[in-house]
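> I'd like to ask some things about the structure below.
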Amino acid sequence: MSHANRNFVIAYILLVGLPLLALAGVLKSGRSLNAPFSVDGAWKLDAGAAHASAAPCTDFLSSVSNSPLSISQSGTSLVINLGGKTTTGTLAGKTIKAQFVDANNSNTTDCSGPSLALTATLDPLTEPRTMSGRLSVEGCSSCAPMEFRAVKQPRPAGGATR
Amino acid sequence: MPNLFILVLQVAVVLTACRLTGALFKKLHQPRVVGEMFAGIMLGPSLLGWIAPHFSAYLFPASSLGFLNALSQIGVIVFMFLVGLKINPMELKKESHAAVLASHVSITAPFVLAAFLALYLYPRLSDDSVAFTNFALFMGAAMSITAFPVLARILAERRMLSSRLGTVAIACAAVDDVTGWCILAYIVVLIRAAHSETSIWMTLGGIVVFGLVMVFGVQRLLKGVFLNAYEKWGHLSENRMAFMLLLVLVSSLCTERLGIHLLFGAFLMGAIMPKEDRFVRYVLDRFETITVTLLLPLFFAFTGLRTNIGLVKGHEMWMYCGLIILVATAGKLGGSTLAAWMSGMPFREAAGLGILMNTRGLMELVILNIGLDIKIISPALFSMMVIMALVTTFMTTPILNLICPKELLQGAPDKMITKPVTAPSLAVHETETSVA
């Protein structure tokens, strides 16, 4: 083997062979890592009917509870769309928290254009995944929070597989 | 049914934005494609949707994006066919030691570094529906890709295609792209097979059979149908051009059906086409104009609409983004430079090769879109990787000017780093500058 060829073989082992071994090690050690629970996708909301029917925000809560819920997830950061309103939220362990603030209504005590808080707990063991939580109107003491349960919808065929 | 008025308006706005921004970037001595990539992002939620949300919602309503995507995907299919067409496997066989080592290191170095980075990013930017192995392999493939067409364009503009640096760079980029796409195909198959009723062995068997049929069967047919006809008449009839397009589409459909992706079929069809220089030039001339000027800008716009830089908020997210850029650059630029230098290339030349290999451009966007489609990367990570693609592509020309200034190219022979080689004709032509 010529000098140049020997150098080439040594360089190849150092720069290609060893990194490939390192790659195998990384892939093996990474298997023990835990990522946040997946909540990405569309959810079907099933809201409880029992809340103060005379409260000024009844119509609002009812309309929201019948709206589709969709979540776009990047780790623990969430972008949540509920009834056409979009906000950011967080996922901490199994708990999802988000707040929908009505930018057009700065009066926090006004129940007719309220800010909505969403708090939910994920059940990661069910298949499909479910979550249960409550929607509450911020700054409107006469509005009782509304309990809800949501079921993750299957992804459309041929689409995402995450 | 699509709203034709909105669709045509979208195309007009995208075309205008891309041409204007592309021209502006040309003035900044950047390849036009970098400007077009920026234009796409400007039309998305990162700028237009942020400063004029109502106008953005009117111009790009969610219901219209399917049609825009369909048009842009047709463009990417043809583009991938052209990329495959330009890659000449015979050239790869003539690689020197420097090229072999540099090309392999320029894949393994960014790949391994990306896998290490994945250890850090997986718990932060992914979720438990993505297996770590798939996540790490995807990050590796995405970081090790090189924008073969942009690289060829930069070399052509600098008249370096026939130089030693140019030939090594082209060979390395071709190897990188072929390898990167093979790895990506493997990941896509793994992910799709996990959610499919067809067993992975059936899928893999189908892919092997398809590949063999294409390489040992269809390739011979192509020579007879296209190259012989071209050599006989000096041109191809419209029927033959239509047949060529049909073969691209059928090949794309086959790979999609086999569970890989449409684009692999288009790329493979291009790769097995005859490689006679004048024939390649002729086919490129027929397909490039409409693809580059009309359809690819739609792909940039569609990518821009999916890129939301607003998701990269807070110093933590920007730190992740910075890390991604750092690792991508260190792996590609550093790895290629080191390998070429260890193979005996002068350091400046080796560094020039490193910076050229660090160009990612449109190829990166294609891969990232596939990753987002199959949900292996999250929207925030997608946006960070798009920023990385833009930064690494943008930095190429200025750093190359610094490392390999034009005066050096025209300097004394002992300083010349573009020493002509006696290698046979290149896969990419000096005059070829239009493909993004």
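Every chain in the structure tokens takes a letter, A first, then B, and so on in the order presented; its residues are numbered from 1, and the ligands are numbered from 1 following the presented order.
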Which residues are close to Ile207 (chain B), i.e. within 12 Å by only C-alpha atoms, leaving aside same-chain residues fewer than 2 positions away? Reply as a PDB file with N, CA and C atoms, in the first residue's frame.

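So part_9.pdb came out as:
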ATOM      1  N   CYS B 182     -31.360   9.116   0.131  1.00  0.00           N
ATOM      2  CA  CYS B 182     -31.541   7.696   0.495  1.00  0.00           C
ATOM      3  C   CYS B 182     -31.889   7.574   1.978  1.00  0.00           C
ATOM      4  N   ALA B 185     -35.368   8.748   2.480  1.00  0.00           N
ATOM      5  CA  ALA B 185     -36.326   7.737   1.994  1.00  0.00           C
ATOM      6  C   ALA B 185     -36.510   6.651   3.048  1.00  0.00           C
ATOM      7  N   TYR B 186     -35.404   6.248   3.652  1.00  0.00           N
ATOM      8  CA  TYR B 186     -35.451   5.212   4.693  1.00  0.00           C
ATOM      9  C   TYR B 186     -36.319   5.679   5.866  1.00  0.00           C
ATOM     10  N   VAL B 189     -39.995   5.793   4.867  1.00  0.00           N
ATOM     11  CA  VAL B 189     -40.540   4.432   4.809  1.00  0.00           C
ATOM     12  C   VAL B 189     -40.812   3.905   6.217  1.00  0.00           C
ATOM     13  N   ILE B 200     -43.183  -3.661   6.400  1.00  0.00           N
ATOM     14  CA  ILE B 200     -42.022  -2.884   5.936  1.00  0.00           C
ATOM     15  C   ILE B 200     -41.186  -3.685   4.941  1.00  0.00           C
ATOM     16  N   TRP B 201     -41.195  -5.027   5.072  1.00  0.00           N
ATOM     17  CA  TRP B 201     -40.415  -5.851   4.150  1.00  0.00           C
ATOM     18  C   TRP B 201     -41.002  -5.822   2.755  1.00  0.00           C
ATOM     19  N   MET B 202     -42.328  -5.779   2.706  1.00  0.00           N
ATOM     20  CA  MET B 202     -42.994  -5.645   1.400  1.00  0.00           C
ATOM     21  C   MET B 202     -42.611  -4.297   0.773  1.00  0.00           C
ATOM     22  N   THR B 203     -42.626  -3.274   1.602  1.00  0.00           N
ATOM     23  CA  THR B 203     -42.285  -1.942   1.109  1.00  0.00           C
ATOM     24  C   THR B 203     -40.844  -1.904   0.614  1.00  0.00           C
ATOM     25  N   LEU B 204     -39.928  -2.414   1.448  1.00  0.00           N
ATOM     26  CA  LEU B 204     -38.516  -2.405   1.060  1.00  0.00           C
ATOM     27  C   LEU B 204     -38.280  -3.261  -0.188  1.00  0.00           C
ATOM     28  N   GLY B 205     -38.947  -4.418  -0.231  1.00  0.00           N
ATOM     29  CA  GLY B 205     -38.834  -5.283  -1.406  1.00  0.00           C
ATOM     30  C   GLY B 205     -39.328  -4.566  -2.651  1.00  0.00           C
ATOM     31  N   VAL B 209     -37.091  -3.693  -6.008  1.00  0.00           N
ATOM     32  CA  VAL B 209     -37.522  -4.134  -7.342  1.00  0.00           C
ATOM     33  C   VAL B 209     -37.699  -2.925  -8.264  1.00  0.00           C
ATOM     34  N   PHE B 210     -38.337  -1.887  -7.746  1.00  0.00           N
ATOM     35  CA  PHE B 210     -38.548  -0.669  -8.543  1.00  0.00           C
ATOM     36  C   PHE B 210     -37.209  -0.078  -8.981  1.00  0.00           C
ATOM     37  N   GLY B 211     -36.257   0.002  -8.023  1.00  0.00           N
ATOM     38  CA  GLY B 211     -34.941   0.552  -8.349  1.00  0.00           C
ATOM     39  C   GLY B 211     -34.244  -0.264  -9.423  1.00  0.00           C
ATOM     40  N   LEU B 212     -34.307  -1.583  -9.302  1.00  0.00           N
ATOM     41  CA  LEU B 212     -33.645  -2.452 -10.286  1.00  0.00           C
ATOM     42  C   LEU B 212     -34.283  -2.296 -11.665  1.00  0.00           C
ATOM     43  N   VAL B 213     -35.604  -2.253 -11.690  1.00  0.00           N
ATOM     44  CA  VAL B 213     -36.303  -2.085 -12.977  1.00  0.00           C
ATOM     45  C   VAL B 213     -35.908  -0.763 -13.624  1.00  0.00           C
ATOM     46  N   MET B 214     -35.831   0.273 -12.801  1.00  0.00           N
ATOM     47  CA  MET B 214     -35.489   1.593 -13.347  1.00  0.00           C
ATOM     48  C   MET B 214     -34.051   1.611 -13.898  1.00  0.00           C
ATOM     49  N   SER B 251     -43.096   7.601 -12.507  1.00  0.00           N
ATOM     50  CA  SER B 251     -42.068   7.218 -11.540  1.00  0.00           C
ATOM     51  C   SER B 251     -42.386   7.824 -10.165  1.00  0.00           C
ATOM     52  N   CYS B 254     -45.149   5.912  -8.585  1.00  0.00           N
ATOM     53  CA  CYS B 254     -44.694   4.600  -8.089  1.00  0.00           C
ATOM     54  C   CYS B 254     -44.052   4.738  -6.718  1.00  0.00           C
ATOM     55  N   THR B 255     -43.138   5.724  -6.575  1.00  0.00           N
ATOM     56  CA  THR B 255     -42.453   5.865  -5.282  1.00  0.00           C
ATOM     57  C   THR B 255     -43.429   6.310  -4.194  1.00  0.00           C
ATOM     58  N   GLU B 256     -44.399   7.120  -4.578  1.00  0.00           N
ATOM     59  CA  GLU B 256     -45.404   7.528  -3.587  1.00  0.00           C
ATOM     60  C   GLU B 256     -46.214   6.310  -3.145  1.00  0.00           C
ATOM     61  N   ARG B 257     -46.564   5.485  -4.138  1.00  0.00           N
ATOM     62  CA  ARG B 257     -47.351   4.285  -3.832  1.00  0.00           C
ATOM     63  C   ARG B 257     -46.538   3.299  -2.983  1.00  0.00           C
ATOM     64  N   LEU B 258     -45.231   3.276  -3.235  1.00  0.00           N
ATOM     65  CA  LEU B 258     -44.366   2.368  -2.468  1.00  0.00           C
ATOM     66  C   LEU B 258     -44.121   2.876  -1.050  1.00  0.00           C
ATOM     67  N   GLY B 259     -44.581   4.068  -0.776  1.00  0.00           N
ATOM     68  CA  GLY B 259     -44.473   4.583   0.588  1.00  0.00           C
ATOM     69  C   GLY B 259     -43.279   5.482   0.824  1.00  0.00           C
ATOM     70  N   ILE B 260     -42.573   5.880  -0.240  1.00  0.00           N
ATOM     71  CA  ILE B 260     -41.455   6.809  -0.005  1.00  0.00           C
ATOM     72  C   ILE B 260     -42.003   8.225  -0.139  1.00  0.00           C
ATOM     73  N   HIS B 261     -41.884   8.779  -1.319  1.00  0.00           N
ATOM     74  CA  HIS B 261     -42.416  10.121  -1.564  1.00  0.00           C
ATOM     75  C   HIS B 261     -42.374  10.340  -3.061  1.00  0.00           C
ATOM     76  N   PHE B 264     -38.882  11.294  -4.767  1.00  0.00           N
ATOM     77  CA  PHE B 264     -37.821  10.321  -4.997  1.00  0.00           C
ATOM     78  C   PHE B 264     -37.920   9.742  -6.411  1.00  0.00           C
ATOM     79  N   GLY B 265     -39.130   9.506  -6.840  1.00  0.00           N
ATOM     80  CA  GLY B 265     -39.340   8.968  -8.189  1.00  0.00           C
ATOM     81  C   GLY B 265     -38.870   9.942  -9.246  1.00  0.00           C
ATOM     82  N   LEU B 268     -35.052  10.020  -9.221  1.00  0.00           N
ATOM     83  CA  LEU B 268     -34.480   8.800  -9.801  1.00  0.00           C
ATOM     84  C   LEU B 268     -34.613   8.808 -11.321  1.00  0.00           C
TER      85      LEU B 268
END
> Please extract the residues of region 213-273 of chain B with a backbone DSSP assignment of helix (DSSP H, G or I) and present them as an MDAnalysis selection string.
chainID B and resid 213:233 238:257 262:271
> Skip region 19-25 of chain B itself and residues of its chain fewer than 2 positions away, then list as a PyMOL selection string all residues within 9 Å of it, counting only C-alpha atoms.
chain B and resi 14-17+27-39+293+297
> Show me which bits of chain A are within 7 Å of chain B, counting only C-alpha atoms, as a ChimeraX atom specification.
/A:8,12,15-16,19-20,23,26-27,30-31,33-38,73-76,159-162
> Could you list, as a short mmCIF file (atom, residue, chain, number, x, y, z; two decimals) with N, CA and C atoms, in the first residue's frame, every residue within 12 Å of Met42 (chain B), counting only C-alpha atoms and ignoring same-chain residues fewer than 4 positions away?

data_model
loop_
_atom_site.label_atom_id
_atom_site.label_comp_id
_atom_site.auth_asym_id
_atom_site.auth_seq_id
_atom_site.Cartn_x
_atom_site.Cartn_y
_atom_site.Cartn_z
N VAL B 13 -48.91 37.84 -7.16
CA VAL B 13 -48.21 38.47 -6.04
C VAL B 13 -46.90 37.74 -5.74
N VAL B 14 -46.97 36.42 -5.74
CA VAL B 14 -45.77 35.62 -5.45
C VAL B 14 -44.69 35.87 -6.50
N ALA B 17 -43.21 39.37 -6.02
CA ALA B 17 -42.35 39.44 -4.82
C ALA B 17 -41.04 38.71 -5.06
N CYS B 18 -41.13 37.53 -5.67
CA CYS B 18 -39.91 36.74 -5.89
C CYS B 18 -38.97 37.42 -6.88
N THR B 21 -37.44 40.63 -5.14
CA THR B 21 -36.48 40.30 -4.08
C THR B 21 -35.26 39.59 -4.67
N GLY B 35 -32.85 35.31 -2.53
CA GLY B 35 -33.87 36.35 -2.48
C GLY B 35 -35.26 35.78 -2.59
N GLU B 36 -35.41 34.78 -3.44
CA GLU B 36 -36.74 34.17 -3.61
C GLU B 36 -37.17 33.44 -2.35
N MET B 37 -36.21 32.82 -1.68
CA MET B 37 -36.54 32.16 -0.41
C MET B 37 -36.99 33.21 0.62
N PHE B 38 -36.29 34.34 0.65
CA PHE B 38 -36.69 35.42 1.56
C PHE B 38 -38.08 35.94 1.21
N SER B 46 -44.72 35.31 9.07
CA SER B 46 -43.58 35.96 9.72
C SER B 46 -43.53 37.46 9.44
N LEU B 47 -44.04 37.88 8.27
CA LEU B 47 -44.02 39.33 8.00
C LEU B 47 -45.41 39.83 7.57
N LEU B 48 -45.87 39.39 6.37
CA LEU B 48 -47.14 39.91 5.88
C LEU B 48 -48.30 39.59 6.85
N GLY B 49 -48.33 38.36 7.33
CA GLY B 49 -49.39 37.97 8.26
C GLY B 49 -49.29 38.67 9.60
N TRP B 50 -48.12 39.18 9.87
CA TRP B 50 -47.89 39.87 11.15
C TRP B 50 -48.26 41.35 11.04
N ILE B 51 -47.83 42.01 9.93
CA ILE B 51 -48.10 43.45 9.83
C ILE B 51 -49.46 43.73 9.19
N ALA B 52 -49.95 42.82 8.36
CA ALA B 52 -51.26 43.05 7.71
C ALA B 52 -52.07 41.75 7.75
N SER B 56 -53.43 39.52 4.58
CA SER B 56 -52.84 38.18 4.45
C SER B 56 -53.93 37.11 4.42
N PHE B 300 -41.66 28.39 -2.80
CA PHE B 300 -41.07 29.28 -1.78
C PHE B 300 -42.19 29.94 -0.98
N ALA B 301 -43.22 30.37 -1.68
CA ALA B 301 -44.34 31.04 -0.99
C ALA B 301 -45.03 30.07 -0.05
N PHE B 302 -45.25 28.85 -0.54
CA PHE B 302 -45.94 27.87 0.31
C PHE B 302 -45.08 27.54 1.55
N THR B 303 -43.78 27.42 1.33
CA THR B 303 -42.87 27.19 2.47
C THR B 303 -42.93 28.37 3.43
N GLY B 304 -42.94 29.58 2.86
CA GLY B 304 -43.02 30.78 3.69
C GLY B 304 -44.30 30.83 4.50
N LEU B 305 -45.38 30.36 3.90
CA LEU B 305 -46.67 30.37 4.62
C LEU B 305 -46.65 29.39 5.79
N ARG B 306 -45.79 28.38 5.71
CA ARG B 306 -45.69 27.40 6.80
C ARG B 306 -44.63 27.81 7.82
N THR B 307 -43.83 28.81 7.45
CA THR B 307 -42.75 29.24 8.34
C THR B 307 -43.25 30.40 9.20
N ASN B 308 -43.26 30.20 10.48
CA ASN B 308 -43.70 31.28 11.37
C ASN B 308 -42.56 31.58 12.33
N ILE B 309 -41.81 32.63 11.97
CA ILE B 309 -40.67 32.98 12.83
C ILE B 309 -41.16 33.43 14.21
#
> So how far away is CA of Arg360 (chain B) from CA of Leu82 (chain B), in Å?
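If I compute the distance from CA of Leu82 (chain B) to CA of Arg360 (chain B), I get 16.9 Å.
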> What separation in Å, quoted to one decimal, exists between CA of Met388 (chain B) and CA of Phe148 (chain B)?
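Between CA of Met388 (chain B) and CA of Phe148 (chain B) the gap works out to 16.8 Å.
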> Can you tell me how far CA of Met241 (chain B) sits from CA of Arg220 (chain B), in Å to one decimal?
17.1 Å
> With only C-alpha atoms as the atoms that count, which of A:Cys140, A:Cys57, A:Leu45, A:Leu122 lies nearest to Gly93 (chain A)?
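With only C-alpha atoms as the atom set, the closest residue is A:Leu122.
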> I need the strand (DSSP E or B) residues of region 55-87 of chain A per DSSP on the backbone, written as a VMD selection string.
chain A and resid 69 to 74 77 to 82 85 to 87
> Near Ala169 (chain B), counting only C-alpha atoms, which residues have an atom at most 8 Å away, once you skip same-chain residues fewer than 3 positions from it, shown as a PDB file with C-alpha atoms, in the first residue's frame?

ATOM      1  CA  ALA B  99     -13.259  14.058  -3.148  1.00  0.00           C
ATOM      2  CA  LEU B 165     -12.206  22.941  -6.483  1.00  0.00           C
ATOM      3  CA  GLY B 166     -15.284  23.058  -8.697  1.00  0.00           C
ATOM      4  CA  CYS B 172     -19.151  15.916  -3.183  1.00  0.00           C
ATOM      5  CA  ALA B 173     -22.503  17.671  -3.466  1.00  0.00           C
ATOM      6  CA  LEU B 353     -14.799  23.535  -0.555  1.00  0.00           C
ATOM      7  CA  LEU B 356     -19.470  25.594  -0.811  1.00  0.00           C
ATOM      8  CA  MET B 357     -20.662  22.392   0.832  1.00  0.00           C
TER       9      MET B 357
END
